[in-house]
Amino acid sequence: MNIFLTGARIIDPATGRDEIGNIHLIDGKIERLTKGKAVPRGSQIIPFDGKILAPGFIDMHVHLREPGFEHKETILTGCTSAAAGGFTAVCCMPNTNPPIDDESVVRLVQNKGREALGGLVDVYPIAAVTIGRKGERLAPIAELSAAGAVAFTDDGDPVYNAEIMRRALEYAGMFERPIIQHAQDMPMTMGGSMNEGLTSTKLGLPGMPAVAEDLVIARDIFLAQYTDGRYHVAHLSTAGAVDLVRQAKTRKLSVTCEVTPHHFTLTDDIVRSFDTNTKMNPPLRTAADVEAIKAGLKDGTIDVIATDHAPHSFDEKQVEYQSAPFGIVGLETAVGLAMTELVHKGVLTIHQLVQKLSTNPRRILRLPDIAIAEGEMANLTIIDPDAEWVVDPSTFRSKSKNTPFAGYRLRGKPVGIINKGISFWTS
Amino acid sequence: MPLLSKHLLGLEGMPKNDIQLILDTAESFREVLERPIKKVPPLQGKTIANMFFEGSTRTQLSFELAERRLSADVLGFQVSGSSVSKGESLKDTARNIEAMKVDMVVMRHWAAGAPHYLSKVIDANVVNAGDGAHEHPTQALLDMYTLKEKYGRIEGLHVCIVGDVLHSRVARSNIQGLKTMGARVSVCGPATMIPKELDRLGVEIYHHLDDVLQEVDVLNVLRLQLERDAGRFFPSIREYHNSYGITRERLEKAGRPITIMHPGPINRDVELSADVADGEHSVILQQVLNGVAVRMAVLYLLATGN
């Protein structure tokens with residue numbers, strides 16, 4: 001590999017760089033950063049005028065489904081989907097079968113990640129907080145950390161018992177690992193299919209009230225304060241949750257959070273279609289929640305954009321709304337939705353977007369910063385900020401196509417990624 | 001003048017003219033039901049499948065009778081009970097219906113939205129005979145027909161729906177239909193059984209029965225799901241009956257005639273005392289009779305509309 005990427009706008013929050021320039025890569029290493037027209041001898045020129053070149057994006061909330069649910073997704077298809085979506089790294093959730101609650105499963109996932117596409121996409125396992133994700137006994141957090149688990153969560157389910165949550169925060173805190181909470185009060189949401197409010201009242205679908213999310217987060221913030229632990233809210237979806245995290249940050253607690261593209265794009269009104277691809281957990285909320293989320297993204301309350309990529313097979317979603325599994329795929333629409341809904345609508349600058357898709361999640365997970373600097377291995381995401389395209393699930397590289405965004409017209413598209421000396425181009 | 005839509009999935013969003021057309025058409029079929037020979041030929045050669053994924057006696061019988069009186073071929077498809085695994089059945093059902101070249105499907109399902117799903121994947125007309133807690137449009141149409149029969153109008157009537165509105169498809173369809181037709185609609189029940197933000201549908205909310213009895217023309221009394229809800233949505237049947245049970249004493253205190261409706265089956269002396277159910281202001285049996293005429297009208301209009 002001896003390539004010369006020219007004319008791109010290089011954005012690097014780690015070094016503060018934001019300028020039009022060229023990058024000369026040899027075997028995946030950044031040899032020179034230059035400006036102007038000079039071309040290094042013997043290199044292949046790739047013109048990137050009008051494109052944005054950023055440190056590689058990471059999606060810290062992905063369900064790769066392997067081991068156990070390979071009919072939905074495998075580590076290979078999930079990594080391919082990530083690459084097509086502009087991500088050079090993913091964190092995979094532990095609700096597999098067996099769950100990632102044992103060192104051996106961490107290693108299995110890591111190995112499969114290294115084999116997939118030659119290791120193009122870095123796969124960082126997130127392990128279970130409790131054995132079997134049952135919420136009863138702590139998983140071997142020290143061993144799992146040592147094996148490479150970057151965080152702990154029982155995602156899909158909350159860590160519901162306050163005593164277990166307290167101890168998990170204390171214990172994982174010793175290893176600088178965050179506990180990632182899927183915040184959901186279980187009795188209040190039992191049987192629920194969608195947000196509780198005007199739309200659920202019209203549709204007669206059992207509701208999941210916003211308060212059921214908020215009160216778990218409120219409790220956990222008290223616990224984070226009491227334990228001095230590191231706490232991260234997964235896929236927050238309510239105005240109340242944004243407020244709680246904002247308050248926690250003003251109190252200097254180690255509390256961070258993420259939001260999914262669907263929660264800043266859609267409202268529960270879309271459930272009126274009874275399309276099961278509008279069913280996710282947490283559910284789509286109201287316009288007021290979307291506004292609060294956008295404000296939280298803008299003022300920095302929300303640190304991270306993560307997809308909660310949750311593949312399900314076609315048949316699994318072709319059922320009654322109330323019977324359908326929660327979740328949608330997200331890797332291949334995330335950048336397009338974030339550009340369309342946030343950057344082009346003036347909610348975030350492109351610089352802030354890069355932070356929420358790269359810098360911030362890496363810092364929360366204690367992964368080294370990616371620097372776009374001479375001598376560094378290139379770990380890059382390239383996007384075309386103005387490319388207009390229509391979401392067509394049949395082109396997804398993910399094994400599953402469960403998305404509510406089919407037919408959506410988006411502006412902004414990943415062009416490709418470069419990582420570990422391997423490149424992947426979307427077209 | 002045909003109906004605007006190919007299916008009858010719910011009354012939300014149904015134009016006033018369509019509701020009016022169904023009620024007017026029902027009137028002519030109501031007349032048929034008084035004849036010595038109660039059968040007419042308009043659906044001859046049409047096949048209608050009744051798919052009941054949830055137990056129902058009177059709705060199913062009412063539809064069947066309506067279909068037979070219109071001379072349709074009727075296919076019963078009882079799928080209730082736990083033998084059918086959730087989910088899988090719906091898709092397979094749709095495929096089977098397609099394969100059998102059925103013209104219309106009448107569907108009762110425990111899940112909200114099931115008939116909507118069906119309507120998207122098959123060619124036949126779909127009639128919603130009740131989907132979860134969502135809608136039960138023919139029930140609301142027959143309720144409105146019964147009101148029109150008694151009062152000569154719907155507009156301006158004050159109808160109060162009493163009881164478990166949260167879990168009630170009858171309530172939802174009635175609210176939508178009655179609002180469209182210009183009635184004043186209120187609900188009365190414990191706060192635990194009134195769904196959130198219901199007032200945004202233009203519905204007045206009461207929690208104390210005596211407050212609304214002074215103003216109301218009609219009480220549409222909902223059936224209480226005794227086994228499921230005691231202890232969570234209300235403390236006990238005794239307390240529910242004392243607070244929301246419709247009794248003769250209570251109605252007499254109002255000092256004015258109030259029409260009593262109930263979608264059936266009645267829990268006697270729980271939501272409705274026996275003497276009220278059988279009393280002179282009860283139109284419960286007229287509802288049953290009108291149900292056949294209204295369903296004939298719906299089936300006829302859908303079958304001949306497109």
# chains A, B, ... in the order shown; residues from 1 in each chain; ligands from 1
$ interface_residues --of "chain B" --to "chain A" --cutoff "12 Å" --atoms "only C-alpha atoms" --output "MDAnalysis selection string"
chainID B and resid 9:13 53 85:94 109:121 130:136 165:176 193:202 232
$ select_by_dssp --residues "range 146-306 of chain A" --states "helix (DSSP H, G or I)" --output "ChimeraX atom specification"
/A:146-147,162-173,186-189,198-203,210-227,239-250,261-265,268-273,276-278,287-298
$ select_by_dssp --residues "range 184-280 of chain A" --states "strand (DSSP E or B)" --output "list in words"
Met194, Asn195, Gly207, Met208, Tyr231, His232, Val233, Val255, Thr256, Cys257, Glu258 and Val259 of chain A
$ write_last_selection --atoms "N, CA and C atoms" --output "mmCIF file, in the first residue's frame"
data_model
loop_
_atom_site.group_PDB
_atom_site.id
_atom_site.type_symbol
_atom_site.label_atom_id
_atom_site.label_comp_id
_atom_site.auth_asym_id
_atom_site.auth_seq_id
_atom_site.Cartn_x
_atom_site.Cartn_y
_atom_site.Cartn_z
ATOM 1 N N MET A 194 -44.343 -0.027 23.304
ATOM 2 C CA MET A 194 -44.006 1.288 22.758
ATOM 3 C C MET A 194 -44.056 2.325 23.877
ATOM 4 N N ASN A 195 -43.675 3.542 23.547
ATOM 5 C CA ASN A 195 -43.760 4.632 24.513
ATOM 6 C C ASN A 195 -45.201 4.821 24.980
ATOM 7 N N GLY A 207 -48.006 0.368 27.021
ATOM 8 C CA GLY A 207 -46.990 1.406 26.995
ATOM 9 C C GLY A 207 -45.827 1.161 27.936
ATOM 10 N N MET A 208 -44.715 1.822 27.624
ATOM 11 C CA MET A 208 -43.528 1.840 28.474
ATOM 12 C C MET A 208 -43.269 3.305 28.803
ATOM 13 N N TYR A 231 -20.108 5.417 35.370
ATOM 14 C CA TYR A 231 -21.446 5.005 34.953
ATOM 15 C C TYR A 231 -21.758 5.590 33.584
ATOM 16 N N HIS A 232 -22.248 4.736 32.694
ATOM 17 C CA HIS A 232 -22.583 5.174 31.339
ATOM 18 C C HIS A 232 -23.999 4.704 31.009
ATOM 19 N N VAL A 233 -24.830 5.646 30.571
ATOM 20 C CA VAL A 233 -26.203 5.299 30.218
ATOM 21 C C VAL A 233 -26.244 4.888 28.743
ATOM 22 N N VAL A 255 -20.294 10.347 34.994
ATOM 23 C CA VAL A 255 -21.504 9.859 34.335
ATOM 24 C C VAL A 255 -21.466 10.308 32.881
ATOM 25 N N THR A 256 -21.640 9.354 31.978
ATOM 26 C CA THR A 256 -21.650 9.651 30.546
ATOM 27 C C THR A 256 -22.858 8.955 29.927
ATOM 28 N N CYS A 257 -23.121 9.277 28.666
ATOM 29 C CA CYS A 257 -24.278 8.642 28.033
ATOM 30 C C CYS A 257 -24.157 8.674 26.517
ATOM 31 N N GLU A 258 -24.997 7.839 25.918
ATOM 32 C CA GLU A 258 -25.042 7.739 24.457
ATOM 33 C C GLU A 258 -26.492 7.849 23.990
ATOM 34 N N VAL A 259 -26.657 8.193 22.727
ATOM 35 C CA VAL A 259 -27.992 8.195 22.126
ATOM 36 C C VAL A 259 -27.891 7.538 20.759
#
$ residues_around --residues "Leu117 in chain A" --least-positions-apart "3" --cutoff "9 Å" --atoms "only C-alpha atoms" --output "list in words"
Leu76, Cys79, Thr80, Gly113, Arg114, Leu120, Val121 and Ile422 of chain A
$ closest_residue --among "A:Ile418, A:Leu266, A:Val159, A:Ala371" --to "Asp12 in chain A" --atoms "only C-alpha atoms"
A:Ala371
$ residues_around --residues "range 284-299 of chain A" --least-positions-apart "5" --cutoff "9 Å" --atoms "only C-alpha atoms" --output "short mmCIF file (atom, residue, chain, number, x, y, z; two decimals) with N, CA and C atoms, in the first residue's frame"
data_model
loop_
_atom_site.label_atom_id
_atom_site.label_comp_id
_atom_site.auth_asym_id
_atom_site.auth_seq_id
_atom_site.Cartn_x
_atom_site.Cartn_y
_atom_site.Cartn_z
N MET A 194 -44.34 -0.03 23.30
CA MET A 194 -44.01 1.29 22.76
C MET A 194 -44.06 2.33 23.88
N ASN A 195 -43.67 3.54 23.55
CA ASN A 195 -43.76 4.63 24.51
C ASN A 195 -45.20 4.82 24.98
N GLU A 196 -45.36 5.11 26.27
CA GLU A 196 -46.70 5.40 26.77
C GLU A 196 -47.02 6.87 26.57
N GLY A 197 -48.13 7.13 25.93
CA GLY A 197 -48.52 8.52 25.67
C GLY A 197 -49.68 8.54 24.70
N ALA A 210 -41.90 6.91 29.98
CA ALA A 210 -40.56 7.50 30.07
C ALA A 210 -40.03 7.44 31.49
N LEU A 236 -29.94 6.40 25.78
CA LEU A 236 -30.92 7.20 26.52
C LEU A 236 -31.95 7.77 25.55
N SER A 237 -33.19 7.91 26.02
CA SER A 237 -34.25 8.24 25.06
C SER A 237 -35.23 9.31 25.54
N THR A 238 -35.10 9.79 26.76
CA THR A 238 -36.12 10.69 27.28
C THR A 238 -35.54 12.06 27.65
N ALA A 239 -36.42 13.04 27.67
CA ALA A 239 -36.01 14.38 28.11
C ALA A 239 -35.56 14.33 29.57
N GLY A 240 -36.25 13.53 30.36
CA GLY A 240 -35.89 13.40 31.77
C GLY A 240 -34.49 12.84 31.94
N VAL A 242 -32.00 13.08 29.84
CA VAL A 242 -31.02 14.11 29.45
C VAL A 242 -30.79 15.06 30.63
N ASP A 243 -31.87 15.46 31.26
CA ASP A 243 -31.76 16.35 32.43
C ASP A 243 -30.95 15.73 33.55
N ARG A 246 -27.33 15.68 32.69
CA ARG A 246 -26.81 17.05 32.71
C ARG A 246 -26.51 17.47 34.15
N VAL A 259 -26.66 8.19 22.73
CA VAL A 259 -27.99 8.20 22.13
C VAL A 259 -27.89 7.54 20.76
N HIS A 262 -31.82 6.59 15.85
CA HIS A 262 -33.29 6.55 15.75
C HIS A 262 -33.95 7.39 16.83
N HIS A 263 -33.30 7.51 17.98
CA HIS A 263 -33.92 8.33 19.03
C HIS A 263 -33.75 9.83 18.80
N PHE A 264 -32.82 10.23 17.94
CA PHE A 264 -32.81 11.67 17.61
C PHE A 264 -33.49 11.97 16.29
N THR A 265 -34.02 10.92 15.63
CA THR A 265 -34.65 11.13 14.33
C THR A 265 -36.16 10.89 14.35
N LEU A 266 -36.59 9.86 15.04
CA LEU A 266 -37.99 9.42 14.93
C LEU A 266 -38.76 9.68 16.23
N THR A 267 -40.09 9.76 16.10
CA THR A 267 -40.95 9.81 17.29
C THR A 267 -41.92 8.63 17.24
N ASP A 268 -42.61 8.44 18.37
CA ASP A 268 -43.50 7.28 18.46
C ASP A 268 -44.70 7.38 17.52
N ASP A 269 -44.89 8.53 16.92
CA ASP A 269 -45.97 8.67 15.96
C ASP A 269 -45.86 7.64 14.82
N ILE A 270 -44.62 7.27 14.50
CA ILE A 270 -44.38 6.34 13.38
C ILE A 270 -44.89 4.94 13.69
N VAL A 271 -45.12 4.64 14.97
CA VAL A 271 -45.63 3.31 15.34
C VAL A 271 -47.04 3.10 14.78
N THR A 278 -40.39 -0.42 13.80
CA THR A 278 -40.42 0.77 14.66
C THR A 278 -40.42 0.37 16.13
N LYS A 279 -40.25 -0.93 16.38
CA LYS A 279 -40.28 -1.41 17.77
C LYS A 279 -38.86 -1.60 18.28
N VAL A 304 -21.95 10.59 23.29
CA VAL A 304 -21.68 9.58 22.27
C VAL A 304 -22.92 9.32 21.42
N ILE A 305 -22.70 9.09 20.14
CA ILE A 305 -23.73 8.52 19.27
C ILE A 305 -23.37 7.06 19.03
N LEU A 342 -28.37 16.09 12.24
CA LEU A 342 -27.63 16.89 13.22
C LEU A 342 -26.74 17.94 12.55
N VAL A 347 -27.48 21.29 14.37
CA VAL A 347 -27.44 20.88 15.79
C VAL A 347 -25.99 20.71 16.23
N LEU A 348 -25.19 20.04 15.41
CA LEU A 348 -23.79 19.81 15.73
C LEU A 348 -22.92 20.31 14.59
N THR A 349 -21.70 20.74 14.94
CA THR A 349 -20.71 20.97 13.90
C THR A 349 -20.13 19.61 13.52
N GLN A 352 -17.91 18.45 16.24
CA GLN A 352 -18.59 17.82 17.38
C GLN A 352 -19.06 16.41 17.04
N LYS A 356 -18.25 12.78 18.95
CA LYS A 356 -19.25 11.86 19.49
C LYS A 356 -19.19 10.49 18.84
#
$ closest_residue --among "A:Thr359, A:Thr260, A:Thr395, A:Asn379" --to "Leu337 in chain A" --atoms "only C-alpha atoms"
A:Thr260
$ decode --residues "range 145-184 of chain A" --atoms "N, CA and C atoms" --output "PDB file, in the first residue's frame"
ATOM      1  N   SER A 145     -11.776  -8.130  32.422  1.00  0.00           N
ATOM      2  CA  SER A 145     -11.013  -6.917  32.095  1.00  0.00           C
ATOM      3  C   SER A 145      -9.638  -7.281  31.567  1.00  0.00           C
ATOM      4  N   ALA A 146      -8.999  -8.195  32.262  1.00  0.00           N
ATOM      5  CA  ALA A 146      -7.651  -8.598  31.845  1.00  0.00           C
ATOM      6  C   ALA A 146      -7.671  -9.205  30.451  1.00  0.00           C
ATOM      7  N   ALA A 147      -8.755  -9.908  30.132  1.00  0.00           N
ATOM      8  CA  ALA A 147      -8.864 -10.526  28.807  1.00  0.00           C
ATOM      9  C   ALA A 147      -9.170  -9.490  27.728  1.00  0.00           C
ATOM     10  N   GLY A 148      -9.604  -8.306  28.129  1.00  0.00           N
ATOM     11  CA  GLY A 148      -9.824  -7.263  27.131  1.00  0.00           C
ATOM     12  C   GLY A 148     -11.229  -6.714  27.067  1.00  0.00           C
ATOM     13  N   ALA A 149     -12.102  -7.122  27.973  1.00  0.00           N
ATOM     14  CA  ALA A 149     -13.434  -6.511  27.994  1.00  0.00           C
ATOM     15  C   ALA A 149     -13.274  -5.038  28.356  1.00  0.00           C
ATOM     16  N   VAL A 150     -13.892  -4.163  27.562  1.00  0.00           N
ATOM     17  CA  VAL A 150     -13.653  -2.727  27.746  1.00  0.00           C
ATOM     18  C   VAL A 150     -14.678  -2.069  28.650  1.00  0.00           C
ATOM     19  N   ALA A 151     -15.780  -2.764  28.912  1.00  0.00           N
ATOM     20  CA  ALA A 151     -16.830  -2.220  29.774  1.00  0.00           C
ATOM     21  C   ALA A 151     -17.727  -3.383  30.161  1.00  0.00           C
ATOM     22  N   PHE A 152     -18.702  -3.082  31.017  1.00  0.00           N
ATOM     23  CA  PHE A 152     -19.593  -4.134  31.511  1.00  0.00           C
ATOM     24  C   PHE A 152     -21.037  -3.676  31.431  1.00  0.00           C
ATOM     25  N   THR A 153     -21.883  -4.593  30.981  1.00  0.00           N
ATOM     26  CA  THR A 153     -23.313  -4.277  30.879  1.00  0.00           C
ATOM     27  C   THR A 153     -24.105  -5.578  30.842  1.00  0.00           C
ATOM     28  N   ASP A 154     -25.334  -5.513  31.306  1.00  0.00           N
ATOM     29  CA  ASP A 154     -26.264  -6.634  31.094  1.00  0.00           C
ATOM     30  C   ASP A 154     -27.267  -6.264  30.001  1.00  0.00           C
ATOM     31  N   ASP A 155     -26.852  -5.383  29.106  1.00  0.00           N
ATOM     32  CA  ASP A 155     -27.736  -4.770  28.111  1.00  0.00           C
ATOM     33  C   ASP A 155     -28.714  -5.759  27.484  1.00  0.00           C
ATOM     34  N   GLY A 156     -29.879  -5.229  27.218  1.00  0.00           N
ATOM     35  CA  GLY A 156     -31.031  -6.053  26.887  1.00  0.00           C
ATOM     36  C   GLY A 156     -31.896  -6.117  28.125  1.00  0.00           C
ATOM     37  N   ASP A 157     -31.214  -6.221  29.247  1.00  0.00           N
ATOM     38  CA  ASP A 157     -31.858  -6.119  30.557  1.00  0.00           C
ATOM     39  C   ASP A 157     -31.081  -5.103  31.383  1.00  0.00           C
ATOM     40  N   PRO A 158     -31.758  -4.504  32.355  1.00  0.00           N
ATOM     41  CA  PRO A 158     -31.043  -3.631  33.275  1.00  0.00           C
ATOM     42  C   PRO A 158     -30.337  -4.441  34.364  1.00  0.00           C
ATOM     43  N   VAL A 159     -29.332  -3.818  34.993  1.00  0.00           N
ATOM     44  CA  VAL A 159     -28.898  -4.313  36.302  1.00  0.00           C
ATOM     45  C   VAL A 159     -29.921  -3.735  37.263  1.00  0.00           C
ATOM     46  N   TYR A 160     -30.817  -4.571  37.699  1.00  0.00           N
ATOM     47  CA  TYR A 160     -32.027  -4.062  38.322  1.00  0.00           C
ATOM     48  C   TYR A 160     -31.910  -3.911  39.834  1.00  0.00           C
ATOM     49  N   ASN A 161     -31.122  -4.788  40.419  1.00  0.00           N
ATOM     50  CA  ASN A 161     -30.963  -4.796  41.867  1.00  0.00           C
ATOM     51  C   ASN A 161     -29.958  -3.710  42.276  1.00  0.00           C
ATOM     52  N   ALA A 162     -30.364  -2.802  43.143  1.00  0.00           N
ATOM     53  CA  ALA A 162     -29.503  -1.673  43.510  1.00  0.00           C
ATOM     54  C   ALA A 162     -28.229  -2.142  44.216  1.00  0.00           C
ATOM     55  N   GLU A 163     -28.338  -3.176  44.981  1.00  0.00           N
ATOM     56  CA  GLU A 163     -27.165  -3.689  45.681  1.00  0.00           C
ATOM     57  C   GLU A 163     -26.140  -4.228  44.670  1.00  0.00           C
ATOM     58  N   ILE A 164     -26.597  -4.981  43.689  1.00  0.00           N
ATOM     59  CA  ILE A 164     -25.682  -5.500  42.667  1.00  0.00           C
ATOM     60  C   ILE A 164     -25.074  -4.337  41.881  1.00  0.00           C
ATOM     61  N   MET A 165     -25.886  -3.341  41.565  1.00  0.00           N
ATOM     62  CA  MET A 165     -25.375  -2.190  40.824  1.00  0.00           C
ATOM     63  C   MET A 165     -24.303  -1.479  41.645  1.00  0.00           C
ATOM     64  N   ARG A 166     -24.565  -1.290  42.904  1.00  0.00           N
ATOM     65  CA  ARG A 166     -23.571  -0.643  43.770  1.00  0.00           C
ATOM     66  C   ARG A 166     -22.257  -1.407  43.730  1.00  0.00           C
ATOM     67  N   ARG A 167     -22.332  -2.711  43.932  1.00  0.00           N
ATOM     68  CA  ARG A 167     -21.105  -3.515  44.004  1.00  0.00           C
ATOM     69  C   ARG A 167     -20.400  -3.548  42.648  1.00  0.00           C
ATOM     70  N   ALA A 168     -21.169  -3.595  41.577  1.00  0.00           N
ATOM     71  CA  ALA A 168     -20.571  -3.608  40.236  1.00  0.00           C
ATOM     72  C   ALA A 168     -19.800  -2.312  39.988  1.00  0.00           C
ATOM     73  N   LEU A 169     -20.399  -1.187  40.363  1.00  0.00           N
ATOM     74  CA  LEU A 169     -19.722   0.100  40.177  1.00  0.00           C
ATOM     75  C   LEU A 169     -18.428   0.133  40.987  1.00  0.00           C
ATOM     76  N   GLU A 170     -18.487  -0.356  42.203  1.00  0.00           N
ATOM     77  CA  GLU A 170     -17.293  -0.369  43.053  1.00  0.00           C
ATOM     78  C   GLU A 170     -16.209  -1.268  42.453  1.00  0.00           C
ATOM     79  N   TYR A 171     -16.646  -2.456  42.042  1.00  0.00           N
ATOM     80  CA  TYR A 171     -15.678  -3.455  41.620  1.00  0.00           C
ATOM     81  C   TYR A 171     -15.061  -3.097  40.264  1.00  0.00           C
ATOM     82  N   ALA A 172     -15.914  -2.749  39.294  1.00  0.00           N
ATOM     83  CA  ALA A 172     -15.399  -2.392  37.964  1.00  0.00           C
ATOM     84  C   ALA A 172     -14.588  -1.103  38.032  1.00  0.00           C
ATOM     85  N   GLY A 173     -14.913  -0.252  38.995  1.00  0.00           N
ATOM     86  CA  GLY A 173     -14.171   1.001  39.167  1.00  0.00           C
ATOM     87  C   GLY A 173     -12.689   0.773  39.417  1.00  0.00           C
ATOM     88  N   MET A 174     -12.372  -0.350  40.058  1.00  0.00           N
ATOM     89  CA  MET A 174     -10.955  -0.661  40.322  1.00  0.00           C
ATOM     90  C   MET A 174     -10.166  -0.821  39.031  1.00  0.00           C
ATOM     91  N   PHE A 175     -10.878  -1.182  37.966  1.00  0.00           N
ATOM     92  CA  PHE A 175     -10.205  -1.410  36.680  1.00  0.00           C
ATOM     93  C   PHE A 175     -10.500  -0.280  35.692  1.00  0.00           C
ATOM     94  N   GLU A 176     -11.035   0.817  36.228  1.00  0.00           N
ATOM     95  CA  GLU A 176     -11.338   1.972  35.374  1.00  0.00           C
ATOM     96  C   GLU A 176     -12.347   1.619  34.294  1.00  0.00           C
ATOM     97  N   ARG A 177     -13.197   0.630  34.563  1.00  0.00           N
ATOM     98  CA  ARG A 177     -14.172   0.218  33.552  1.00  0.00           C
ATOM     99  C   ARG A 177     -15.543   0.783  33.884  1.00  0.00           C
ATOM    100  N   PRO A 178     -16.233   1.304  32.888  1.00  0.00           N
ATOM    101  CA  PRO A 178     -17.592   1.779  33.152  1.00  0.00           C
ATOM    102  C   PRO A 178     -18.610   0.634  33.216  1.00  0.00           C
ATOM    103  N   ILE A 179     -19.633   0.857  34.005  1.00  0.00           N
ATOM    104  CA  ILE A 179     -20.827   0.005  33.939  1.00  0.00           C
ATOM    105  C   ILE A 179     -21.809   0.718  33.015  1.00  0.00           C
ATOM    106  N   ILE A 180     -22.236  -0.002  31.992  1.00  0.00           N
ATOM    107  CA  ILE A 180     -23.175   0.575  31.018  1.00  0.00           C
ATOM    108  C   ILE A 180     -24.569   0.055  31.353  1.00  0.00           C
ATOM    109  N   GLN A 181     -25.463   0.967  31.609  1.00  0.00           N
ATOM    110  CA  GLN A 181     -26.791   0.542  32.066  1.00  0.00           C
ATOM    111  C   GLN A 181     -27.834   0.657  30.972  1.00  0.00           C
ATOM    112  N   HIS A 182     -28.578  -0.419  30.798  1.00  0.00           N
ATOM    113  CA  HIS A 182     -29.825  -0.393  30.026  1.00  0.00           C
ATOM    114  C   HIS A 182     -30.909  -0.033  31.046  1.00  0.00           C
ATOM    115  N   ALA A 183     -31.293   1.226  31.055  1.00  0.00           N
ATOM    116  CA  ALA A 183     -32.130   1.735  32.147  1.00  0.00           C
ATOM    117  C   ALA A 183     -33.604   1.477  31.874  1.00  0.00           C
ATOM    118  N   GLN A 184     -34.168   0.579  32.647  1.00  0.00           N
ATOM    119  CA  GLN A 184     -35.574   0.219  32.434  1.00  0.00           C
ATOM    120  C   GLN A 184     -36.133  -0.379  33.714  1.00  0.00           C
TER     121      GLN A 184
END
